[in-house]
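Everything below belongs to coords39.csv, which stores CSV, C-alpha atoms and all ligand atoms.
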```
chain,number,residue,atom,x,y,z
A,1,MET,CA,82.5,205.5,220.6
A,2,ALA,CA,81.0,207.7,223.2
A,3,THR,CA,77.5,208.8,222.7
A,4,THR,CA,77.5,211.7,225.0
A,5,THR,CA,75.9,214.1,222.6
A,6,LYS,CA,73.7,213.6,219.6
A,7,ARG,CA,76.6,214.9,217.5
A,8,GLU,CA,78.6,211.8,218.1
A,9,LEU,CA,78.2,209.0,215.7
A,10,ASP,CA,77.3,205.7,217.1
A,11,LEU,CA,79.8,203.3,215.7
A,12,SER,CA,79.1,200.5,218.2
A,13,GLY,CA,77.6,198.4,215.4
A,14,PHE,CA,81.1,197.8,214.0
A,15,PRO,CA,83.4,195.0,215.2
A,16,SER,CA,86.1,196.4,217.4
A,17,GLY,CA,89.2,197.3,215.6
A,18,THR,CA,87.6,198.0,212.2
A,19,VAL,CA,87.1,201.7,212.6
A,20,THR,CA,89.8,204.3,213.1
A,21,GLU,CA,89.0,207.8,214.1
A,22,TYR,CA,91.0,210.9,213.2
A,23,THR,CA,90.4,214.5,214.2
A,24,THR,CA,91.9,217.5,212.5
A,25,LEU,CA,91.3,221.1,213.4
A,26,VAL,CA,91.2,223.8,210.8
A,27,CYS,CA,91.7,227.5,211.4
A,28,LEU,CA,89.0,229.5,209.7
A,29,ALA,CA,90.9,232.7,210.2
A,30,CYS,CA,93.8,231.2,208.2
A,31,ILE,CA,91.4,229.8,205.6
A,32,PHE,CA,89.7,233.1,205.1
A,33,ASP,CA,93.0,234.8,204.9
A,34,ILE,CA,94.3,232.4,202.2
A,35,PHE,CA,91.2,232.8,200.1
A,36,THR,CA,90.8,236.6,200.5
A,37,LYS,CA,94.4,237.9,200.8
A,38,GLN,CA,96.5,235.3,199.0
A,39,LEU,CA,94.0,234.3,196.3
A,40,GLY,CA,92.3,237.7,196.2
A,41,LEU,CA,88.7,236.5,196.4
A,42,ALA,CA,85.9,238.7,197.7
A,43,PRO,CA,84.7,237.6,201.1
A,44,ARG,CA,81.4,236.4,199.7
A,45,THR,CA,83.1,234.3,197.0
A,46,ALA,CA,85.6,233.0,199.6
A,47,PHE,CA,82.7,232.0,201.8
A,48,THR,CA,81.1,230.0,199.0
A,49,GLU,CA,84.4,228.3,198.1
A,50,ILE,CA,85.3,227.5,201.7
A,51,LYS,CA,82.0,225.9,202.3
A,52,ARG,CA,82.8,223.4,199.5
A,53,HIS,CA,86.2,222.8,200.9
A,54,THR,CA,87.2,219.3,202.0
A,55,PRO,CA,90.8,218.5,203.0
A,56,THR,CA,92.6,215.7,201.3
A,57,LEU,CA,92.7,212.3,203.0
A,58,GLU,CA,96.3,213.0,203.8
A,59,GLU,CA,95.4,216.3,205.5
A,60,LEU,CA,92.6,214.6,207.4
A,61,THR,CA,94.7,211.8,208.7
A,62,SER,CA,98.3,212.9,208.8
A,63,ARG,CA,99.8,214.2,212.0
A,64,SER,CA,102.2,216.5,210.2
A,65,ALA,CA,99.5,219.1,209.6
A,66,MET,CA,100.1,222.2,207.6
A,67,ARG,CA,98.4,225.6,207.5
A,68,PRO,CA,95.4,225.9,207.9
A,69,TYR,CA,95.2,222.5,209.6
A,70,PHE,CA,96.6,221.7,213.0
A,71,ASP,CA,96.4,219.3,215.8
A,72,SER,CA,95.8,220.1,219.4
A,73,GLU,CA,94.7,218.2,222.5
A,74,GLU,CA,94.3,221.4,224.5
A,75,LYS,CA,91.0,222.6,225.7
A,76,HIS,CA,91.4,226.1,224.4
A,77,PRO,CA,93.9,225.8,221.6
A,78,HIS,CA,95.2,228.7,219.6
A,79,CYS,CA,96.0,228.5,215.9
A,80,PRO,CA,99.7,227.7,215.6
A,81,TYR,CA,99.9,229.8,212.5
A,82,CYS,CA,98.0,233.0,213.3
A,83,GLY,CA,97.1,232.6,217.0
A,84,ALA,CA,93.3,232.7,216.4
A,85,ALA,CA,91.3,231.6,219.4
A,86,LYS,CA,89.0,228.6,219.6
A,87,ARG,CA,85.9,230.2,218.1
A,88,TRP,CA,87.8,230.4,214.8
A,89,HIS,CA,88.5,226.7,214.7
A,90,ALA,CA,86.4,224.0,213.2
A,91,ARG,CA,86.9,220.2,213.5
A,92,PHE,CA,86.9,217.6,210.9
A,93,ASN,CA,86.2,214.1,212.2
A,94,THR,CA,87.2,211.3,209.9
A,95,TYR,CA,86.2,207.7,210.4
A,96,VAL,CA,88.1,205.1,208.5
A,97,ILE,CA,86.1,201.9,208.2
A,98,GLU,CA,87.9,198.8,207.0
A,99,GLY,CA,85.9,197.1,204.3
A,100,GLY,CA,85.2,193.4,204.3
A,101,LYS,CA,82.7,190.8,205.2
A,102,THR,CA,82.6,191.7,208.8
A,103,THR,CA,81.8,195.4,208.2
A,104,ASP,CA,80.0,195.6,204.8
A,105,ALA,CA,76.4,195.1,206.1
A,106,SER,CA,76.8,197.3,209.1
A,107,ARG,CA,78.5,200.0,207.1
A,108,ARG,CA,75.8,200.1,204.5
A,109,ALA,CA,73.1,200.3,207.1
A,110,PHE,CA,75.1,203.0,209.0
A,111,LEU,CA,75.8,205.2,206.0
A,112,LYS,CA,72.2,205.0,204.9
A,113,LYS,CA,71.1,206.7,208.1
A,114,LEU,CA,73.3,209.7,207.7
A,115,PRO,CA,71.8,213.0,206.5
A,116,THR,CA,72.7,213.8,202.9
A,117,ALA,CA,71.8,217.5,202.8
A,118,SER,CA,74.5,220.0,202.0
A,119,ASP,CA,77.4,217.5,202.1
A,120,GLN,CA,77.5,217.3,205.9
A,121,PHE,CA,79.1,213.9,205.4
A,122,LEU,CA,81.3,212.7,202.6
A,123,ILE,CA,82.3,209.2,201.9
A,124,VAL,CA,85.5,208.5,200.0
A,125,GLU,CA,86.6,205.0,199.1
A,126,LYS,CA,90.2,204.4,198.9
A,127,LYS,CA,91.6,202.3,196.2
A,128,SER,CA,91.7,198.8,197.6
A,129,ASP,CA,95.1,197.7,196.2
A,130,SER,CA,97.4,200.5,197.0
A,131,ARG,CA,99.9,198.1,198.4
A,132,THR,CA,99.9,196.1,195.3
A,133,VAL,CA,100.4,199.2,193.2
A,134,LEU,CA,103.3,200.2,195.4
A,135,PHE,CA,105.0,196.8,195.1
A,136,GLU,CA,104.5,196.8,191.3
A,137,TRP,CA,106.1,200.2,191.2
A,138,LEU,CA,109.0,198.9,193.3
A,139,ASP,CA,109.4,195.9,191.0
A,140,THR,CA,109.5,198.1,187.9
A,141,LEU,CA,112.0,200.4,189.6
A,142,GLY,CA,114.2,197.5,190.6
A,143,LEU,CA,114.3,196.2,187.0
A,144,ASN,CA,115.6,199.5,185.8
A,145,LEU,CA,118.4,200.0,188.4
A,146,ASP,CA,121.9,198.9,188.1
A,147,PHE,CA,122.7,197.7,191.6
A,148,ALA,CA,126.4,197.3,190.8
A,149,ASP,CA,126.7,201.0,190.4
A,150,GLU,CA,126.2,203.1,193.5
A,151,GLN,CA,124.5,205.8,191.4
A,152,TRP,CA,121.3,203.7,191.7
A,153,LEU,CA,120.8,205.2,195.2
A,154,LEU,CA,120.5,208.6,193.7
A,155,GLU,CA,118.3,207.3,190.9
A,156,ALA,CA,116.0,205.5,193.4
A,157,THR,CA,115.8,208.7,195.4
A,158,ARG,CA,114.9,210.7,192.4
A,159,LYS,CA,112.2,208.2,191.3
A,160,TYR,CA,110.7,208.4,194.8
A,161,LEU,CA,110.8,212.2,194.8
A,162,GLU,CA,109.0,212.2,191.5
A,163,ARG,CA,106.2,210.4,193.1
A,164,ARG,CA,106.2,212.6,196.2
A,165,GLU,CA,106.3,215.9,194.3
A,166,PRO,CA,105.3,215.3,190.7
A,167,LYS,CA,105.3,218.9,189.7
A,168,THR,CA,109.0,219.5,190.4
A,169,ASN,CA,111.4,219.0,187.5
A,170,TRP,CA,113.6,216.5,189.3
A,171,GLU,CA,115.8,215.8,186.3
A,172,GLU,CA,116.9,219.4,186.5
A,173,VAL,CA,117.3,219.3,190.3
A,174,PHE,CA,119.4,216.1,190.0
A,175,ALA,CA,121.6,217.3,187.2
A,176,ASP,CA,124.4,218.2,189.6
A,177,VAL,CA,123.5,216.2,192.6
A,178,ARG,CA,126.3,214.0,193.9
A,179,ALA,CA,125.1,213.2,197.3
A,180,VAL,CA,121.8,213.1,199.2
A,181,ARG,CA,121.9,214.0,202.9
A,182,ARG,CA,119.5,214.2,205.8
A,183,SER,CA,118.9,217.8,206.8
A,184,ASN,CA,119.1,218.8,210.4
A,185,ARG,CA,117.5,222.1,209.7
A,186,LEU,CA,114.6,221.4,207.3
A,187,THR,CA,111.4,220.2,208.8
A,188,GLU,CA,109.7,219.8,205.4
A,189,GLY,CA,110.7,219.4,201.8
A,190,TRP,CA,114.2,219.6,200.4
A,191,GLU,CA,117.0,222.0,199.6
A,192,LEU,CA,119.8,222.0,197.0
A,193,ASP,CA,123.2,223.1,198.2
A,194,GLY,CA,125.9,222.8,195.5
A,195,GLY,CA,126.0,219.1,194.6
A,196,ARG,CA,124.2,218.1,197.8
A,197,LEU,CA,120.5,217.5,198.1
A,198,PHE,CA,119.3,217.9,201.6
A,199,LEU,CA,116.0,216.2,202.5
A,200,ALA,CA,113.9,216.9,205.6
A,201,PRO,CA,114.0,213.9,207.9
A,202,ASN,CA,110.6,212.6,206.9
A,203,VAL,CA,111.5,212.8,203.2
A,204,TYR,CA,114.9,211.2,203.9
A,205,GLY,CA,113.2,208.5,205.9
A,206,GLU,CA,110.9,207.6,203.0
A,207,ALA,CA,113.8,207.7,200.6
A,208,ILE,CA,115.8,205.1,202.5
A,209,LEU,CA,112.7,203.0,203.0
A,210,ILE,CA,112.2,202.9,199.3
A,211,GLN,CA,115.9,202.0,198.8
A,212,TYR,CA,115.6,199.3,201.3
A,213,LEU,CA,112.5,197.9,199.7
A,214,VAL,CA,113.8,198.0,196.2
A,215,SER,CA,117.2,196.4,197.0
A,216,ARG,CA,116.3,193.8,199.7
A,217,ALA,CA,115.9,191.1,197.1
A,218,GLN,CA,119.5,191.8,195.9
A,219,ALA,CA,121.2,191.1,199.1
A,220,HIS,CA,120.7,190.1,202.7
A,221,GLY,CA,119.0,193.2,204.1
A,222,GLY,CA,118.6,196.3,202.0
A,223,LEU,CA,121.0,198.8,200.6
A,224,THR,CA,120.4,202.4,201.5
A,225,LEU,CA,122.2,205.8,201.7
A,226,GLU,CA,122.9,204.6,205.3
A,227,GLY,CA,124.6,201.5,204.1
A,228,ARG,CA,123.4,197.9,204.2
A,229,LEU,CA,120.5,197.6,206.7
A,230,THR,CA,118.6,194.8,208.1
A,231,LEU,CA,114.9,195.4,208.8
A,232,MET,CA,115.7,196.0,212.5
A,233,GLU,CA,118.4,198.5,211.6
A,234,LEU,CA,116.1,200.3,209.2
A,235,ILE,CA,113.4,200.6,211.8
A,236,ARG,CA,115.8,201.8,214.4
A,237,ARG,CA,117.1,204.4,211.9
A,238,LEU,CA,113.6,205.6,211.0
A,239,ARG,CA,112.7,205.9,214.7
A,240,TYR,CA,115.9,207.8,215.4
A,241,ILE,CA,115.2,210.4,212.7
A,242,GLY,CA,111.7,210.9,214.0
A,243,TYR,CA,109.9,209.5,211.0
A,244,LEU,CA,108.0,206.8,212.9
A,245,ASP,CA,106.8,209.4,215.4
A,246,GLN,CA,105.8,211.8,212.7
A,247,ILE,CA,103.5,209.3,210.9
A,248,GLY,CA,102.1,208.0,214.1
A,249,ILE,CA,103.7,204.5,214.4
A,250,SER,CA,104.1,203.7,218.0
A,251,GLU,CA,104.3,200.0,217.7
A,252,ARG,CA,107.5,198.3,218.8
A,253,GLU,CA,107.2,194.9,217.2
A,254,PRO,CA,109.2,195.0,213.9
A,255,GLY,CA,106.6,193.1,211.9
A,256,GLU,CA,103.9,195.5,212.9
A,257,VAL,CA,106.0,198.5,212.3
A,258,PHE,CA,106.9,197.2,208.9
A,259,GLU,CA,103.3,196.6,208.0
A,260,LYS,CA,102.4,200.1,209.0
A,261,LEU,CA,105.3,201.6,207.1
A,262,ILE,CA,104.1,199.9,203.9
A,263,ASP,CA,100.5,200.9,204.5
A,264,HIS,CA,101.5,204.5,205.0
A,265,LEU,CA,103.8,204.6,202.1
A,266,ALA,CA,101.2,202.9,199.8
A,267,ALA,CA,98.5,205.3,200.9
A,268,THR,CA,100.3,208.6,200.8
A,269,HIS,CA,101.7,208.8,197.3
A,270,ASP,CA,100.4,207.8,193.9
A,271,TRP,CA,102.4,204.8,192.8
A,272,SER,CA,100.4,203.8,189.8
A,273,SER,CA,102.5,203.3,186.8
A,274,VAL,CA,100.5,205.4,184.4
A,275,ARG,CA,100.7,208.9,185.7
A,276,THR,CA,97.6,210.1,183.9
A,277,SER,CA,95.3,207.4,185.2
A,278,THR,CA,94.4,208.7,188.6
A,279,SER,CA,93.0,206.3,191.2
A,280,ARG,CA,89.4,206.2,191.9
A,281,SER,CA,89.8,207.8,195.2
A,282,SER,CA,91.5,210.8,193.8
A,283,ASP,CA,88.9,211.2,191.2
A,284,GLN,CA,86.3,211.3,193.9
A,285,LEU,CA,88.3,213.6,195.9
A,286,SER,CA,88.8,216.1,193.1
A,287,LYS,CA,85.1,216.1,192.8
A,288,VAL,CA,84.5,217.1,196.3
A,289,ARG,CA,87.4,219.5,196.4
A,290,THR,CA,86.9,223.0,195.3
A,291,GLY,CA,88.9,222.8,192.2
A,292,SER,CA,91.6,225.2,191.2
A,293,SER,CA,91.3,227.7,193.9
A,294,ASN,CA,91.7,225.0,196.4
A,295,LYS,CA,94.8,223.7,194.8
A,296,GLN,CA,96.2,227.2,194.9
A,297,ALA,CA,95.3,227.4,198.5
A,298,ASN,CA,97.2,224.3,199.2
A,299,LYS,CA,100.2,225.6,197.3
A,300,VAL,CA,100.1,228.8,199.2
A,301,SER,CA,99.8,227.1,202.5
A,302,THR,CA,102.7,224.7,201.9
A,303,GLY,CA,105.1,227.2,200.5
A,304,SER,CA,106.1,229.0,203.6
A,305,GLY,CA,109.5,227.6,204.0
A,306,SER,CA,111.5,225.5,206.3
A,307,ASP,CA,111.3,227.4,209.5
A,308,ARG,CA,107.5,227.0,209.9
A,309,VAL,CA,106.3,225.1,213.0
A,310,THR,CA,105.1,221.8,211.9
A,311,GLY,CA,102.2,220.0,213.4
A,312,SER,CA,102.4,219.9,217.2
A,313,LYS,CA,104.4,216.9,218.0
A,314,LYS,CA,103.4,216.8,221.6
A,315,SER,CA,99.7,216.3,220.9
A,316,ALA,CA,99.4,212.6,220.3
A,317,LYS,CA,96.7,212.0,217.9
A,318,LYS,CA,93.7,209.8,218.7
A,319,ALA,CA,94.6,207.6,215.8
A,320,SER,CA,97.9,206.6,217.2
A,321,LYS,CA,96.2,205.0,220.1
A,322,LYS,CA,93.4,203.5,218.2
A,323,SER,CA,94.8,202.7,214.9
A,324,SER,CA,93.7,199.2,214.3
A,325,ILE,CA,93.7,198.7,210.6
A,326,SER,CA,96.9,196.7,210.6
A,327,LYS,CA,96.7,193.0,210.3
A,328,THR,CA,98.2,190.8,213.0
A,329,SER,CA,101.9,190.7,212.5
A,330,GLN,CA,103.3,188.2,210.1
A,331,PRO,CA,106.2,186.0,211.2
A,332,GLU,CA,108.2,187.0,208.1
A,333,PRO,CA,107.9,190.8,207.9
A,334,ASP,CA,110.4,190.9,205.1
A,335,LYS,CA,107.9,189.4,202.7
A,336,ALA,CA,105.2,192.0,202.7
A,337,ILE,CA,101.8,190.6,201.9
A,338,THR,CA,99.8,192.7,199.6
A,339,GLU,CA,96.3,191.9,200.8
A,340,PRO,CA,93.8,194.2,199.2
A,341,VAL,CA,91.9,196.2,201.8
A,342,LYS,CA,89.2,198.7,200.9
A,343,LEU,CA,89.0,201.6,203.2
A,344,HIS,CA,85.9,203.7,203.5
A,345,TYR,CA,86.6,207.3,204.7
A,346,LEU,CA,83.6,208.9,206.3
A,347,ILE,CA,84.2,212.6,206.7
A,348,ASP,CA,82.1,214.5,209.1
A,349,ARG,CA,81.9,218.1,207.9
A,350,ARG,CA,79.1,219.3,210.2
A,351,ASP,CA,81.2,221.3,212.6
A,352,PHE,CA,83.1,222.9,209.7
A,353,LEU,CA,79.9,224.0,207.9
A,354,GLU,CA,78.4,225.5,211.0
A,355,LYS,CA,81.6,227.3,212.1
A,356,VAL,CA,82.3,228.7,208.6
A,357,LYS,CA,78.8,230.2,208.6
A,358,SER,CA,79.1,231.8,212.0
A,359,VAL,CA,82.7,233.0,211.3
A,360,TYR,CA,81.6,234.5,208.0
A,361,ALA,CA,78.8,236.3,209.7
A,362,SER,CA,81.2,238.1,212.0
A,363,TYR,CA,83.8,238.4,209.3
A,364,ALA,CA,81.5,240.2,206.8
A,365,GLY,CA,79.6,242.2,209.4
B,401,ZN,ZN,95.0,230.6,211.9
```
Render the structure in this file as structure tokens.
Ligand SMILES: [Zn+2]
Amino acid sequence: MATTTKRELDLSGFPSGTVTEYTTLVCLACIFDIFTKQLGLAPRTAFTEIKRHTPTLEELTSRSAMRPYFDSEEKHPHCPYCGAAKRWHARFNTYVIEGGKTTDASRRAFLKKLPTASDQFLIVEKKSDSRTVLFEWLDTLGLNLDFADEQWLLEATRKYLERREPKTNWEEVFADVRAVRRSNRLTEGWELDGGRLFLAPNVYGEAILIQYLVSRAQAHGGLTLEGRLTLMELIRRLRYIGYLDQIGISEREPGEVFEKLIDHLAATHDWSSVRTSTSRSSDQLSKVRTGSSNKQANKVSTGSGSDRVTGSKKSAKKASKKSSISKTSQPEPDKAITEPVKLHYLIDRRDFLEKVKSVYASYAG
């Protein structure tokens, strides 16, 4: 909440703990490269497209950034993908304001004061009931699984992967899968090796979390690929494989960790039952995104294989220190409480717009 320069937004009007701030750097050299070389756009067209570009909420707030996004706490960082120096970097600041009685009035007043010209700021509201939607999905999944047959673990994993990566034909992938394993080598995605499906640790972590959630009503604790786990054991396992670190959960208290896990899971994939009905937030997002070429850009940027350096793990994100969206911990963490919360994402694009312009000037000239 520093107000050292005029650029900084004054958030002091909000009750403490209701605003979380995220910062993501984007490499404009990489972005121009993607749009001109990989997508084959002329520089001028690329420039126009890039100006309209806004990362997804996931890209803005996740710490496992992918090209062209990255994280750095350094004073003079270099792009981890292409090595470009600081003048090629732009910064997206994202402020997540928790909706509710205590913030509604100040939020409206605050947003009204922001300049509206050329999309310097974007506001995206996130579907209020993502947790509810997740739990409904889990309920439906549970009804369709036969817990007496160990195959359900594969089935649950497949159902989860279908949500995580809807474009992949998972039925085909799973046709010969007899076992799912955590990969020691992959840092992202998955790999099929004979009858074994290897998942990157973060994907594997989510898979066992789903298994835990869907089966915990069946038995004491939950059943997972790692065997029967209590909540404590599950959390220990997720910490060990690096999943908690990766999604920025630094809390130690199991109830708090559990709440954050659910929030994260609910927010990062689309769990709505009807696949065609996209949530309001994604509708709004698709409007602000640059359409097809942007999707292509994402595809290109994420397809570079498993040996890519993932987001700098060393640089602790601001958000991990400040994240304050979680409720106070509940005494019975196993009963997740689906309290609807509306989150208002305010995306500050000013630095990005300015840098794109100056970089383009030197790029075209
Ligand atoms: Zn770069």
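With all atoms listed in the file as the atoms that count, the set of residues no farther than 10 Å from ligand ZN 401 (chain B) is Val26, Cys27, Leu28, Ala29, Cys30, Ile31, Phe32, Asp33, Ile34, Arg67, Pro68, Tyr69, Phe70, His78, Cys79, Pro80, Tyr81, Cys82, Gly83, Ala84, Ala85, Lys86, Trp88 and His89 of chain A.
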Requested write-out: C-alpha atoms of the selected residues, as a PDB file, in the coordinates of the input:
```pdb
ATOM      1  CA  VAL A  26      91.200 223.800 210.800  1.00  0.00           C
ATOM      2  CA  CYS A  27      91.700 227.500 211.400  1.00  0.00           C
ATOM      3  CA  LEU A  28      89.000 229.500 209.700  1.00  0.00           C
ATOM      4  CA  ALA A  29      90.900 232.700 210.200  1.00  0.00           C
ATOM      5  CA  CYS A  30      93.800 231.200 208.200  1.00  0.00           C
ATOM      6  CA  ILE A  31      91.400 229.800 205.600  1.00  0.00           C
ATOM      7  CA  PHE A  32      89.700 233.100 205.100  1.00  0.00           C
ATOM      8  CA  ASP A  33      93.000 234.800 204.900  1.00  0.00           C
ATOM      9  CA  ILE A  34      94.300 232.400 202.200  1.00  0.00           C
ATOM     10  CA  ARG A  67      98.400 225.600 207.500  1.00  0.00           C
ATOM     11  CA  PRO A  68      95.400 225.900 207.900  1.00  0.00           C
ATOM     12  CA  TYR A  69      95.200 222.500 209.600  1.00  0.00           C
ATOM     13  CA  PHE A  70      96.600 221.700 213.000  1.00  0.00           C
ATOM     14  CA  HIS A  78      95.200 228.700 219.600  1.00  0.00           C
ATOM     15  CA  CYS A  79      96.000 228.500 215.900  1.00  0.00           C
ATOM     16  CA  PRO A  80      99.700 227.700 215.600  1.00  0.00           C
ATOM     17  CA  TYR A  81      99.900 229.800 212.500  1.00  0.00           C
ATOM     18  CA  CYS A  82      98.000 233.000 213.300  1.00  0.00           C
ATOM     19  CA  GLY A  83      97.100 232.600 217.000  1.00  0.00           C
ATOM     20  CA  ALA A  84      93.300 232.700 216.400  1.00  0.00           C
ATOM     21  CA  ALA A  85      91.300 231.600 219.400  1.00  0.00           C
ATOM     22  CA  LYS A  86      89.000 228.600 219.600  1.00  0.00           C
ATOM     23  CA  TRP A  88      87.800 230.400 214.800  1.00  0.00           C
ATOM     24  CA  HIS A  89      88.500 226.700 214.700  1.00  0.00           C
TER      25      HIS A  89
END
```
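What separates CA of Asp193 (chain A) from CA of Glu172 (chain A) is a distance of 13.8 Å.
For the set A:Asp270, A:Glu49, A:Glu73, A:Glu58, the residue with the smallest atom-to-atom gap to Tyr160 (chain A) is A:Asp270, counting all atoms listed in the file.
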Please provide the set of residues having any atom within 10 Å of Gly100 (chain A), restricted to only C-alpha atoms, with same-chain residues fewer than 5 positions apart removed, written as a count of residues only.
6
Given the point (83.4, 225.9, 202.7) in the file's coordinates, find the residues that have an atom at most 10 Å from it, counting only C-alpha atoms, and give them as a ChimeraX atom specification.
/A:28,31-32,46-54,289-290,349,352-357
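Distance-wise, CA of Val257 (chain A) and CA of Trp152 (chain A) end up 26.2 Å apart.
The interatomic distance for the pair CA of Arg108 (chain A) and CA of Glu256 (chain A) works out to 29.7 Å.
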Determine, using all atoms listed in the file, which residues of region 194-214 of chain A have any atom at most 10 Å from an atom of region 232-248 of chain A, and tabulate each with its shortest atom pair and distance in Å to one decimal place, rows ordered by chain and then rising number, as CSV.
```
residue,atom,partner,partner_atom,distance
A:Ala200,CA,A:Ile241,CA,9.7
A:Pro201,CA,A:Ile241,CA,6.1
A:Asn202,CA,A:Tyr243,CA,5.2
A:Val203,CA,A:Tyr243,CA,8.6
A:Tyr204,CA,A:Ile241,CA,8.8
A:Gly205,CA,A:Leu238,CA,5.9
A:Glu206,CA,A:Tyr243,CA,8.3
A:Ile208,CA,A:Leu234,CA,8.2
A:Leu209,CA,A:Leu234,CA,7.6
A:Tyr212,CA,A:Leu234,CA,8.0
```
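In this comparison, which uses only C-alpha atoms, the residue of A:Leu265, A:Leu114, A:Ala361, A:Leu41 approaching Phe135 (chain A) most closely is A:Leu265.
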Around (116.5, 211.7, 191.1), as given in the file, which residues come within 9 Å? Count all atoms listed in the file and list them as a count of residues only.
17
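Closest approach to Gly195 (chain A) among A:Leu39, A:Ile123, A:Ala90, A:Val180 is made by A:Val180 (distances from all atoms listed in the file).
Proximity ranking of A:Ala179, A:Ile210, A:Leu9, A:Ile347 relative to Ile262 (chain A) places A:Ile210 first, based on all atoms listed in the file.
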Which residue, A:Asp149, A:Glu226, A:Asn144, A:Val124, has the smallest gap to Arg182 (chain A) when you use all atoms listed in the file?
A:Glu226
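Proximity ranking of A:Val96, A:Arg252, A:Glu21, A:Met66 relative to Glu188 (chain A) places A:Met66 first, based on all atoms listed in the file.
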If we count all atoms listed in the file and set the cut-off at 10 Å, which residues sit around Glu191 (chain A), ignoring sequence neighbours fewer than 4 positions away in its own chain? Please answer as a PyMOL selection string.
chain A and resi 173+181+183+186+196-200+306
